[in-house]
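coords17.cif (mmCIF, C-alpha atoms)
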data_structure
#
loop_
_atom_site.label_atom_id
_atom_site.label_comp_id
_atom_site.auth_asym_id
_atom_site.auth_seq_id
_atom_site.Cartn_x
_atom_site.Cartn_y
_atom_site.Cartn_z
CA GLY W 248 -5.69 31.59 -18.93
CA PRO W 249 -8.65 29.67 -20.40
CA ASN W 250 -6.94 26.30 -19.91
CA ALA W 251 -6.39 26.99 -16.22
CA MET W 252 -10.06 27.96 -15.83
CA VAL W 253 -11.13 24.71 -17.50
CA TRP W 254 -8.90 22.68 -15.14
CA GLU W 255 -10.25 24.54 -12.10
CA LEU W 256 -13.87 24.03 -13.19
CA SER W 257 -13.20 20.34 -13.85
CA LEU W 258 -11.69 19.94 -10.37
CA ILE W 259 -14.69 21.60 -8.72
CA ILE W 260 -17.13 19.41 -10.68
CA LEU W 261 -15.15 16.26 -9.78
CA CYS W 262 -15.19 17.16 -6.07
CA GLY W 263 -18.92 17.69 -6.26
CA LEU W 264 -19.39 14.30 -7.93
CA LEU W 265 -17.24 12.59 -5.29
CA ALA W 266 -19.37 14.22 -2.62
CA LEU W 267 -22.47 12.96 -4.40
CA VAL W 268 -21.03 9.43 -4.41
CA TYR W 269 -20.42 9.77 -0.67
CA GLY W 270 -24.09 10.57 -0.20
CA VAL W 271 -25.14 7.55 -2.26
CA ILE W 272 -22.85 5.33 -0.19
CA THR W 273 -24.44 6.65 2.99
CA ILE W 274 -27.92 5.79 1.73
CA SER W 275 -26.73 2.35 0.55
CA GLN W 276 -25.29 1.69 4.02
CA VAL W 277 -28.64 2.53 5.62
CA MET W 278 -30.52 0.30 3.20
CA SER W 279 -28.04 -2.57 3.63
CA ALA W 280 -28.26 -2.35 7.40
CA SER W 281 -32.03 -2.69 7.25
CA ALA W 282 -32.03 -5.44 4.60
CA GLY W 283 -31.34 -8.26 7.06
CA SER W 284 -33.88 -7.16 9.65
CA ALA W 285 -36.92 -9.31 10.42
CA LYS W 286 -39.07 -6.19 10.33
CA MET W 287 -37.85 -5.07 6.94
CA GLN W 288 -41.37 -4.91 5.48
CA GLU W 289 -42.53 -2.65 8.30
CA ILE W 290 -39.61 -0.22 8.26
CA SER W 291 -38.77 -0.16 4.55
CA GLY W 292 -41.23 2.65 3.93
CA ALA W 293 -39.80 4.73 6.75
CA VAL W 294 -36.26 4.08 5.56
CA ARG W 295 -37.21 5.07 2.03
CA GLU W 296 -38.81 8.30 3.24
CA GLY W 297 -35.79 9.06 5.42
CA ALA W 298 -33.44 8.41 2.53
CA GLN W 299 -35.42 10.71 0.26
CA ALA W 300 -35.42 13.43 2.91
CA TYR W 301 -31.68 12.96 3.36
CA LEU W 302 -31.14 13.31 -0.37
CA ARG W 303 -33.20 16.50 -0.48
CA THR W 304 -31.57 18.18 2.50
CA GLN W 305 -28.01 16.86 2.65
CA TYR W 306 -26.73 16.57 -0.92
CA LEU W 307 -26.20 20.32 -1.20
CA THR W 308 -24.30 20.38 2.09
CA ILE W 309 -22.14 17.40 1.09
CA ALA W 310 -21.44 18.97 -2.32
CA VAL W 311 -20.40 22.24 -0.67
CA VAL W 312 -18.07 20.38 1.71
CA GLY W 313 -16.54 18.50 -1.22
CA ILE W 314 -15.96 21.72 -3.13
CA ILE W 315 -14.40 23.40 -0.08
CA VAL W 316 -12.04 20.46 0.47
CA GLY W 317 -11.13 20.44 -3.20
CA ALA W 318 -10.48 24.17 -3.15
CA GLY W 319 -8.34 23.77 -0.02
CA LEU W 320 -6.23 21.12 -1.73
CA TYR W 321 -5.98 23.32 -4.80
CA TYR W 322 -4.65 26.37 -2.98
CA LEU W 323 -2.57 24.43 -0.43
CA LEU W 324 -0.71 22.14 -2.81
CA GLY W 325 -1.21 23.76 -6.21
CA ARG W 326 -3.36 22.85 -9.13
CA GLU W 327 -0.91 20.24 -10.45
CA VAL W 328 -1.11 18.04 -7.35
CA ALA W 329 -4.83 18.59 -6.81
CA ILE W 330 -5.84 17.85 -10.39
CA GLY W 331 -3.38 14.97 -10.78
CA PHE W 332 -4.55 13.42 -7.53
CA ALA W 333 -8.21 13.76 -8.52
CA ILE W 334 -7.57 12.15 -11.91
CA GLY W 335 -5.49 9.38 -10.34
CA ALA W 336 -8.17 8.66 -7.73
CA ALA W 337 -10.96 8.51 -10.31
CA LEU W 338 -8.88 6.30 -12.61
CA GLY W 339 -7.85 4.01 -9.74
CA VAL W 340 -11.42 3.47 -8.54
CA ALA W 341 -12.66 2.88 -12.09
CA LEU W 342 -9.96 0.28 -12.78
CA ALA W 343 -10.68 -1.48 -9.48
CA VAL W 344 -14.38 -1.68 -10.34
CA LEU W 345 -13.55 -3.18 -13.75
CA VAL W 346 -11.09 -5.69 -12.28
CA VAL W 347 -13.61 -6.91 -9.69
CA ALA W 348 -16.69 -6.82 -11.95
CA ILE W 349 -15.00 -8.58 -14.90
CA PRO W 350 -12.84 -11.43 -13.49
CA PHE W 351 -10.73 -12.07 -16.59
CA LEU W 352 -9.50 -8.46 -16.48
CA GLU W 353 -7.58 -9.27 -13.30
CA ARG W 354 -5.42 -11.69 -15.26
CA SER W 355 -5.14 -9.49 -18.34
CA LEU W 356 -5.09 -5.96 -16.93
CA MET W 357 -3.51 -6.17 -13.49
CA PRO W 358 -0.08 -7.34 -14.74
CA TRP W 359 0.09 -4.26 -16.97
CA ILE W 360 -0.96 -2.01 -14.08
CA VAL W 361 1.82 -3.46 -11.94
CA ALA W 362 4.33 -3.25 -14.81
CA SER W 363 3.53 0.43 -15.27
CA GLN W 364 5.04 1.15 -11.87
CA THR W 365 8.33 -0.65 -12.55
CA VAL W 366 9.63 2.16 -14.77
CA PRO W 367 11.56 4.72 -12.66
CA ILE W 368 9.58 7.95 -12.62
CA ILE W 369 12.76 10.02 -12.88
CA ALA W 370 13.32 8.40 -16.30
CA LEU W 371 9.69 8.49 -17.39
CA ALA W 372 8.93 12.10 -16.45
CA PRO W 373 11.12 13.73 -19.16
CA MET W 374 9.53 11.45 -21.78
CA ILE W 375 6.03 12.53 -20.73
CA VAL W 376 7.01 16.21 -20.87
CA VAL W 377 8.62 15.85 -24.32
CA ILE W 378 5.73 13.83 -25.79
CA LEU W 379 3.12 16.29 -24.52
CA ASN W 380 5.15 19.25 -25.79
CA GLN W 381 5.11 17.70 -29.26
CA PHE W 382 1.33 18.06 -29.16
CA ASP W 383 1.60 21.64 -27.84
CA VAL W 384 0.42 20.54 -24.41
CA GLY W 385 2.41 22.37 -21.78
CA GLY W 386 1.93 24.34 -18.61
CA MET W 387 0.65 22.35 -15.66
CA THR W 388 -0.70 19.43 -17.73
CA PRO W 389 2.52 17.35 -17.73
CA LYS W 390 2.82 17.77 -13.98
CA ALA W 391 -0.79 16.70 -13.45
CA VAL W 392 -0.29 13.66 -15.71
CA ILE W 393 2.81 12.55 -13.78
CA ALA W 394 1.04 13.08 -10.44
CA ALA W 395 -1.93 11.02 -11.67
CA TYR W 396 0.41 8.31 -12.97
CA LEU W 397 1.97 7.82 -9.53
CA SER W 398 -1.24 8.11 -7.51
CA PHE W 399 -3.58 5.78 -9.42
CA PHE W 400 -1.70 2.54 -8.64
CA PRO W 401 -2.10 2.36 -4.83
CA ILE W 402 -5.73 3.39 -5.17
CA THR W 403 -6.40 0.67 -7.76
CA VAL W 404 -4.80 -2.05 -5.63
CA GLY W 405 -6.40 -0.85 -2.40
CA MET W 406 -9.90 -0.53 -3.85
CA ALA W 407 -9.68 -3.92 -5.57
CA LYS W 408 -8.86 -5.41 -2.17
CA GLY W 409 -11.68 -3.45 -0.57
CA PHE W 410 -14.26 -4.58 -3.13
CA ARG W 411 -13.35 -8.18 -2.30
CA SER W 412 -13.49 -7.66 1.47
CA PRO W 413 -17.15 -8.60 2.12
CA ASP W 414 -17.68 -11.92 3.88
CA PRO W 415 -18.81 -14.82 1.64
CA LEU W 416 -21.93 -15.15 3.80
CA GLN W 417 -22.85 -11.57 2.93
CA LEU W 418 -22.41 -12.30 -0.76
CA ASP W 419 -24.56 -15.42 -0.40
CA LEU W 420 -27.24 -13.31 1.30
CA MET W 421 -27.24 -10.87 -1.62
CA ARG W 422 -27.60 -13.76 -4.06
CA THR W 423 -30.49 -15.08 -1.95
CA TYR W 424 -32.21 -11.71 -2.41
CA SER W 425 -31.61 -12.08 -6.19
CA ALA W 426 -29.48 -8.95 -6.19
CA THR W 427 -27.99 -7.92 -9.52
CA PRO W 428 -24.20 -7.43 -9.86
CA ALA W 429 -24.77 -3.67 -9.83
CA GLN W 430 -26.74 -3.93 -6.58
CA VAL W 431 -24.06 -6.11 -5.01
CA MET W 432 -21.47 -3.51 -5.99
CA THR W 433 -23.36 -0.46 -4.72
CA LYS W 434 -25.03 -1.92 -1.62
CA LEU W 435 -22.31 -4.29 -0.36
CA ARG W 436 -18.92 -4.02 -2.03
CA LEU W 437 -18.75 -0.23 -2.24
CA PRO W 438 -19.66 0.48 1.42
CA ALA W 439 -17.35 -2.34 2.58
CA SER W 440 -14.44 -0.83 0.64
CA LEU W 441 -14.53 2.56 2.38
CA PRO W 442 -11.75 1.78 4.92
CA PHE W 443 -9.54 0.61 2.06
CA PHE W 444 -10.49 3.68 0.03
CA PHE W 445 -9.25 6.17 2.61
CA ALA W 446 -6.10 4.14 3.33
CA SER W 447 -5.20 4.01 -0.36
CA MET W 448 -6.08 7.69 -0.81
CA LYS W 449 -3.49 8.63 1.80
CA ILE W 450 -0.79 6.72 -0.09
CA GLY W 451 -1.95 8.11 -3.42
CA ALA W 452 -1.91 11.68 -2.13
CA ALA W 453 1.70 11.45 -1.02
CA ALA W 454 2.61 9.82 -4.34
CA ALA W 455 0.90 12.64 -6.26
CA LEU W 456 3.01 15.22 -4.45
CA VAL W 457 6.17 13.25 -5.24
CA GLY W 458 5.13 13.12 -8.89
CA ALA W 459 4.59 16.87 -9.04
CA VAL W 460 8.01 17.52 -7.48
CA VAL W 461 9.70 15.17 -9.96
CA ALA W 462 7.89 16.91 -12.82
CA GLU W 463 9.11 20.28 -11.56
CA VAL W 464 12.68 18.98 -11.55
CA THR W 465 12.21 17.95 -15.18
CA LYS W 466 10.47 21.21 -16.15
CA SER W 467 12.24 23.60 -13.80
CA GLU W 468 11.43 26.77 -15.75
CA ASP W 469 7.91 26.68 -14.29
CA GLY W 470 9.23 26.93 -10.73
CA GLY W 471 8.04 24.95 -7.73
CA LEU W 472 9.70 22.81 -5.08
CA GLY W 473 11.39 20.62 -7.68
CA ALA W 474 12.95 23.66 -9.30
CA ARG W 475 14.20 24.82 -5.90
CA LEU W 476 15.79 21.43 -5.31
CA LEU W 477 17.46 21.53 -8.73
CA ALA W 478 18.73 25.09 -8.28
CA GLY W 479 20.04 24.28 -4.82
CA SER W 480 21.97 21.27 -6.15
CA TYR W 481 23.44 23.31 -9.00
CA TYR W 482 24.72 26.11 -6.80
CA GLY W 483 25.50 24.10 -3.67
CA GLN W 484 22.79 25.79 -1.60
CA THR W 485 22.28 23.14 1.08
CA VAL W 486 19.85 25.27 3.06
CA GLN W 487 17.66 25.75 0.00
CA ILE W 488 17.59 21.99 -0.64
CA TRP W 489 16.63 21.17 2.93
CA ALA W 490 13.99 23.93 2.96
CA ALA W 491 12.35 22.49 -0.14
CA LEU W 492 12.48 18.96 1.28
CA PHE W 493 10.93 19.96 4.60
CA THR W 494 8.25 21.99 2.81
CA ALA W 495 7.33 19.02 0.62
CA ALA W 496 7.23 16.75 3.67
CA ALA W 497 5.02 19.22 5.56
CA LEU W 498 2.60 19.56 2.64
CA SER W 499 2.43 15.79 2.23
CA GLY W 500 1.81 15.33 5.95
CA ALA W 501 -0.93 17.97 5.91
CA LEU W 502 -2.69 16.29 2.98
CA VAL W 503 -2.44 12.82 4.51
CA GLY W 504 -3.71 14.19 7.83
CA LEU W 505 -6.68 15.85 6.12
CA ILE W 506 -7.65 12.63 4.34
CA ASP W 507 -7.20 10.66 7.58
CA TRP W 508 -9.51 13.06 9.43
CA ILE W 509 -12.15 12.88 6.69
CA GLY W 510 -11.87 9.08 6.74
CA ARG W 511 -12.29 8.81 10.50
CA VAL W 512 -15.31 11.11 10.50
CA THR W 513 -16.92 9.28 7.58
CA LEU W 514 -16.33 5.78 8.96
CA LYS W 515 -17.58 6.82 12.40
CA ARG W 516 -20.71 8.26 10.84
CA LEU W 517 -21.30 4.99 8.95
CA ALA W 518 -20.72 2.96 12.16
CA PHE W 519 -17.57 1.18 10.97
CA PRO W 520 -15.53 -0.42 13.78
CA SER W 521 -12.57 1.77 14.72
#

Structure translated into C-alpha cells:
Amino acid sequence: GPNAMVWELSLIILCGLLALVYGVITISQVMSASAGSAKMQEISGAVREGAQAYLRTQYLTIAVVGIIVGAGLYYLLGREVAIGFAIGAALGVALAVLVVAIPFLERSLMPWIVASQTVPIIALAPMIVVILNQFDVGGMTPKAVIAAYLSFFPITVGMAKGFRSPDPLQLDLMRTYSATPAQVMTKLRLPASLPFFFASMKIGAAAALVGAVVAEVTKSEDGGLGARLLAGSYYGQTVQIWAALFTAAALSGALVGLIDWIGRVTLKRLAFPS
C-alpha cells in the first residue's frame, strides 16, 4: 500500500545519505592526513583538486552501493528489521554526537538512555503495539519501532566512545589550527570513530532482529518468525520452534557478517590498522 511505499522510499533515501556521509568521511580522512605535513601548502591544492574529482566521480557509485546494500537488507530480513535498524542507527549516531558536543547532556541524557534499556522488551512490546493501535498506526510500524528501540542503544554508547577516542595530542593540534568544534567533529572525531561505528552496528543489527521477532510474537497475526515460535509453543511443534530459531540465528549471522565485511573493506581503504 501507500504506507509501505513511503517506508521503502525513506529507507532508500536514508541508505543514500549514509553513503554520502561515507564519502565525506573519506575526504575528511584525506584532508586530516595531509594537515600535519610540512609540505601542506604545496600539496593542499592537489589534495583539494583530488577531493573535488573524487566527489564528482565517486559519490554516485557510493550512493548506488548504499542503495544496493539497503535493498539487500530489506529483502533478506524484511522491511521491519531494515527500517527499524536504519532508524535506530540514525538515532544512535545523532544522540552520540549530542552527548559529545554538549558535555552537560552526558549527565542529563545518558542516564535516561541507559534506563530505557532496563525495561524488559517482552513487557514493553505489547504496550508499544497497543499505544500505536490507538492512533491507528499498525502494520509493520510497531515492529520497526521495537527494532529501532533495541538497536539504538549499543550504537549510541559505541559512537560516544568512538568520538572520544582521538588522542589528546590530536585534539591539541586541532586547537592549534584554530579548528571550530564542527571541524574537530568532522575531520578528527568522526573518522576516528569508524571502528567503533562498525562494531556497534553489528550489535545493533542483531538487536534489531531480536526486536522484530519479539514484536511478531506480540502481533502474531502478521506472521513472521515470532509467530512461528508462538504457534509452535501452542501446539507443541518442537521442530517448528527449532526451525524458527535457527532461521533467526542464520539471518542475524548473515547481517553481522555483511556489516563486518563492509567495515573491514572501509577501514582498509582508509588505512586504519587491522

task: Identify the residues within 10 Å of coordinate (0.0, 4.1, 0.1) (same frame as the file), considering only C-alpha atoms, and give the answer as a ChimeraX atom specification.
output: /W:398,400-402,404-405,445-454

task: Please determine the residues with any atom at most 9 Å from (-5.0, 10.2, -9.6) (coordinates as given in the file, with all atoms listed in the file counting) and report them as a list in words.
output: Ala329, Ile330, Gly331, Phe332, Ala333, Ile334, Gly335, Ala336, Ala337, Leu338, Gly339, Ala391, Val392, Ala394, Ala395, Tyr396, Leu397, Ser398, Phe399, Phe400, Ile402, Gly451, Ala452 and Ala455 of chain W

task: Check which residues satisfy the PyMOL selection byres ((chain W and resi 483-494) around 12) in the file shown, then give them as a PyMOL selection string.
output: chain W and resi 323-324+456-457+460+464+470-482+495-501

message: What does the structure give for the distance between atom CA of Met406 of chain W and atom CA of Thr388 of chain W, in Å to one decimal?
response: 26.0 Å

- request: In Å, rounded to a single decimal, give me how far atom CA of Phe410 of chain W is from atom CA of Met432 of chain W.
  value: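 Straight-line distance from atom CA of Met432 of chain W to atom CA of Phe410 of chain W works out to 7.8 Å.
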
task: Quote the spacing between atom CA of Leu502 of chain W and atom CA of Ile375 of chain W in Å to one decimal place.
output: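 Between atom CA of Leu502 of chain W and atom CA of Ile375 of chain W the gap is 25.5 Å.
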
message: For this structure, which residues satisfy the selection - the PyMOL selection byres ((chain W and resi 436) around 9) - when it is evaluated on the file as given? I want them as a PyMOL selection string.
response: chain W and resi 409-413+431-435+437-440

field: Reference answer for the PyMOL selection byres ((chain W and resi 345-360) around 9), as a list in words
entry: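 Output of the PyMOL selection byres ((chain W and resi 345-360) around 9): Val340, Ala341, Leu342, Ala343, Val344, Val361, Ala362, Ser363, Gln364, Phe400, Thr403, Val404, Ala407, Phe410, Arg411, Pro428, Ala429 and Met432 of chain W.
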
Can segment 421-432 of chain W be brought up to all heavy atoms and written out as a PDB file, keeping the file's coordinate frame?
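Contents of the output file result.pdb:
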ATOM      1  N   MET W 421     -26.844 -11.694  -0.492  1.00  0.00           N
ATOM      2  CA  MET W 421     -27.240 -10.870  -1.620  1.00  0.00           C
ATOM      3  C   MET W 421     -27.750 -11.726  -2.772  1.00  0.00           C
ATOM      4  O   MET W 421     -28.730 -11.359  -3.443  1.00  0.00           O
ATOM      5  CB  MET W 421     -26.061 -10.010  -2.072  1.00  0.00           C
ATOM      6  CG  MET W 421     -25.587  -8.996  -1.060  1.00  0.00           C
ATOM      7  SD  MET W 421     -26.820  -7.736  -0.667  1.00  0.00           S
ATOM      8  CE  MET W 421     -26.819  -6.775  -2.178  1.00  0.00           C
ATOM      9  N   ARG W 422     -27.124 -12.864  -3.011  1.00  0.00           N
ATOM     10  CA  ARG W 422     -27.600 -13.760  -4.060  1.00  0.00           C
ATOM     11  C   ARG W 422     -28.974 -14.343  -3.695  1.00  0.00           C
ATOM     12  O   ARG W 422     -29.822 -14.562  -4.569  1.00  0.00           O
ATOM     13  CB  ARG W 422     -26.594 -14.878  -4.307  1.00  0.00           C
ATOM     14  CG  ARG W 422     -25.397 -14.439  -5.137  1.00  0.00           C
ATOM     15  CD  ARG W 422     -24.555 -15.634  -5.558  1.00  0.00           C
ATOM     16  NE  ARG W 422     -23.774 -16.160  -4.448  1.00  0.00           N
ATOM     17  CZ  ARG W 422     -22.519 -15.777  -4.176  1.00  0.00           C
ATOM     18  NH1 ARG W 422     -21.929 -14.879  -4.940  1.00  0.00           N
ATOM     19  NH2 ARG W 422     -21.865 -16.299  -3.156  1.00  0.00           N
ATOM     20  N   THR W 423     -29.189 -14.590  -2.398  1.00  0.00           N
ATOM     21  CA  THR W 423     -30.490 -15.080  -1.950  1.00  0.00           C
ATOM     22  C   THR W 423     -31.585 -14.065  -2.244  1.00  0.00           C
ATOM     23  O   THR W 423     -32.714 -14.427  -2.594  1.00  0.00           O
ATOM     24  CB  THR W 423     -30.455 -15.392  -0.443  1.00  0.00           C
ATOM     25  OG1 THR W 423     -29.443 -16.360  -0.184  1.00  0.00           O
ATOM     26  CG2 THR W 423     -31.800 -15.921   0.036  1.00  0.00           C
ATOM     27  N   TYR W 424     -31.259 -12.781  -2.103  1.00  0.00           N
ATOM     28  CA  TYR W 424     -32.210 -11.710  -2.410  1.00  0.00           C
ATOM     29  C   TYR W 424     -32.314 -11.434  -3.913  1.00  0.00           C
ATOM     30  O   TYR W 424     -32.978 -10.489  -4.321  1.00  0.00           O
ATOM     31  CB  TYR W 424     -31.801 -10.416  -1.707  1.00  0.00           C
ATOM     32  CG  TYR W 424     -31.998 -10.442  -0.209  1.00  0.00           C
ATOM     33  CD1 TYR W 424     -31.194  -9.681   0.622  1.00  0.00           C
ATOM     34  CD2 TYR W 424     -32.993 -11.214   0.376  1.00  0.00           C
ATOM     35  CE1 TYR W 424     -31.357  -9.695   2.001  1.00  0.00           C
ATOM     36  CE2 TYR W 424     -33.164 -11.231   1.743  1.00  0.00           C
ATOM     37  CZ  TYR W 424     -32.352 -10.468   2.553  1.00  0.00           C
ATOM     38  OH  TYR W 424     -32.531 -10.485   3.904  1.00  0.00           O
ATOM     39  N   SER W 425     -31.617 -12.262  -4.728  1.00  0.00           N
ATOM     40  CA  SER W 425     -31.610 -12.080  -6.190  1.00  0.00           C
ATOM     41  C   SER W 425     -31.080 -10.703  -6.586  1.00  0.00           C
ATOM     42  O   SER W 425     -31.587 -10.058  -7.506  1.00  0.00           O
ATOM     43  CB  SER W 425     -33.017 -12.289  -6.775  1.00  0.00           C
ATOM     44  OG  SER W 425     -33.479 -13.599  -6.518  1.00  0.00           O
ATOM     45  N   ALA W 426     -30.070 -10.255  -5.884  1.00  0.00           N
ATOM     46  CA  ALA W 426     -29.480  -8.950  -6.190  1.00  0.00           C
ATOM     47  C   ALA W 426     -28.677  -9.034  -7.484  1.00  0.00           C
ATOM     48  O   ALA W 426     -28.001 -10.035  -7.760  1.00  0.00           O
ATOM     49  CB  ALA W 426     -28.569  -8.506  -5.045  1.00  0.00           C
ATOM     50  N   THR W 427     -28.765  -7.998  -8.281  1.00  0.00           N
ATOM     51  CA  THR W 427     -27.990  -7.920  -9.520  1.00  0.00           C
ATOM     52  C   THR W 427     -26.530  -7.581  -9.189  1.00  0.00           C
ATOM     53  O   THR W 427     -26.236  -7.092  -8.082  1.00  0.00           O
ATOM     54  CB  THR W 427     -28.564  -6.851 -10.449  1.00  0.00           C
ATOM     55  OG1 THR W 427     -28.430  -5.566  -9.817  1.00  0.00           O
ATOM     56  CG2 THR W 427     -30.034  -7.124 -10.737  1.00  0.00           C
ATOM     57  N   PRO W 428     -25.593  -7.821 -10.120  1.00  0.00           N
ATOM     58  CA  PRO W 428     -24.200  -7.430  -9.860  1.00  0.00           C
ATOM     59  C   PRO W 428     -24.043  -5.962  -9.516  1.00  0.00           C
ATOM     60  O   PRO W 428     -23.215  -5.606  -8.665  1.00  0.00           O
ATOM     61  CB  PRO W 428     -23.494  -7.788 -11.176  1.00  0.00           C
ATOM     62  CG  PRO W 428     -24.305  -8.907 -11.747  1.00  0.00           C
ATOM     63  CD  PRO W 428     -25.718  -8.594 -11.375  1.00  0.00           C
ATOM     64  N   ALA W 429     -24.845  -5.101 -10.147  1.00  0.00           N
ATOM     65  CA  ALA W 429     -24.770  -3.670  -9.830  1.00  0.00           C
ATOM     66  C   ALA W 429     -25.223  -3.406  -8.407  1.00  0.00           C
ATOM     67  O   ALA W 429     -24.639  -2.579  -7.694  1.00  0.00           O
ATOM     68  CB  ALA W 429     -25.611  -2.872 -10.821  1.00  0.00           C
ATOM     69  N   GLN W 430     -26.266  -4.105  -7.959  1.00  0.00           N
ATOM     70  CA  GLN W 430     -26.740  -3.930  -6.580  1.00  0.00           C
ATOM     71  C   GLN W 430     -25.730  -4.465  -5.583  1.00  0.00           C
ATOM     72  O   GLN W 430     -25.537  -3.873  -4.516  1.00  0.00           O
ATOM     73  CB  GLN W 430     -28.085  -4.625  -6.408  1.00  0.00           C
ATOM     74  CG  GLN W 430     -29.236  -3.948  -7.142  1.00  0.00           C
ATOM     75  CD  GLN W 430     -30.520  -4.741  -7.071  1.00  0.00           C
ATOM     76  OE1 GLN W 430     -30.502  -5.975  -7.045  1.00  0.00           O
ATOM     77  NE2 GLN W 430     -31.648  -4.046  -7.043  1.00  0.00           N
ATOM     78  N   VAL W 431     -25.099  -5.584  -5.897  1.00  0.00           N
ATOM     79  CA  VAL W 431     -24.060  -6.110  -5.010  1.00  0.00           C
ATOM     80  C   VAL W 431     -22.915  -5.108  -4.891  1.00  0.00           C
ATOM     81  O   VAL W 431     -22.371  -4.874  -3.799  1.00  0.00           O
ATOM     82  CB  VAL W 431     -23.545  -7.465  -5.535  1.00  0.00           C
ATOM     83  CG1 VAL W 431     -22.354  -7.942  -4.711  1.00  0.00           C
ATOM     84  CG2 VAL W 431     -24.650  -8.507  -5.495  1.00  0.00           C
ATOM     85  N   MET W 432     -22.559  -4.479  -6.013  1.00  0.00           N
ATOM     86  CA  MET W 432     -21.470  -3.510  -5.990  1.00  0.00           C
ATOM     87  C   MET W 432     -21.826  -2.277  -5.164  1.00  0.00           C
ATOM     88  O   MET W 432     -21.043  -1.824  -4.320  1.00  0.00           O
ATOM     89  CB  MET W 432     -21.105  -3.115  -7.415  1.00  0.00           C
ATOM     90  CG  MET W 432     -20.034  -2.041  -7.526  1.00  0.00           C
ATOM     91  SD  MET W 432     -18.424  -2.568  -6.858  1.00  0.00           S
ATOM     92  CE  MET W 432     -17.936  -3.757  -8.108  1.00  0.00           C
TER      93      MET W 432
END
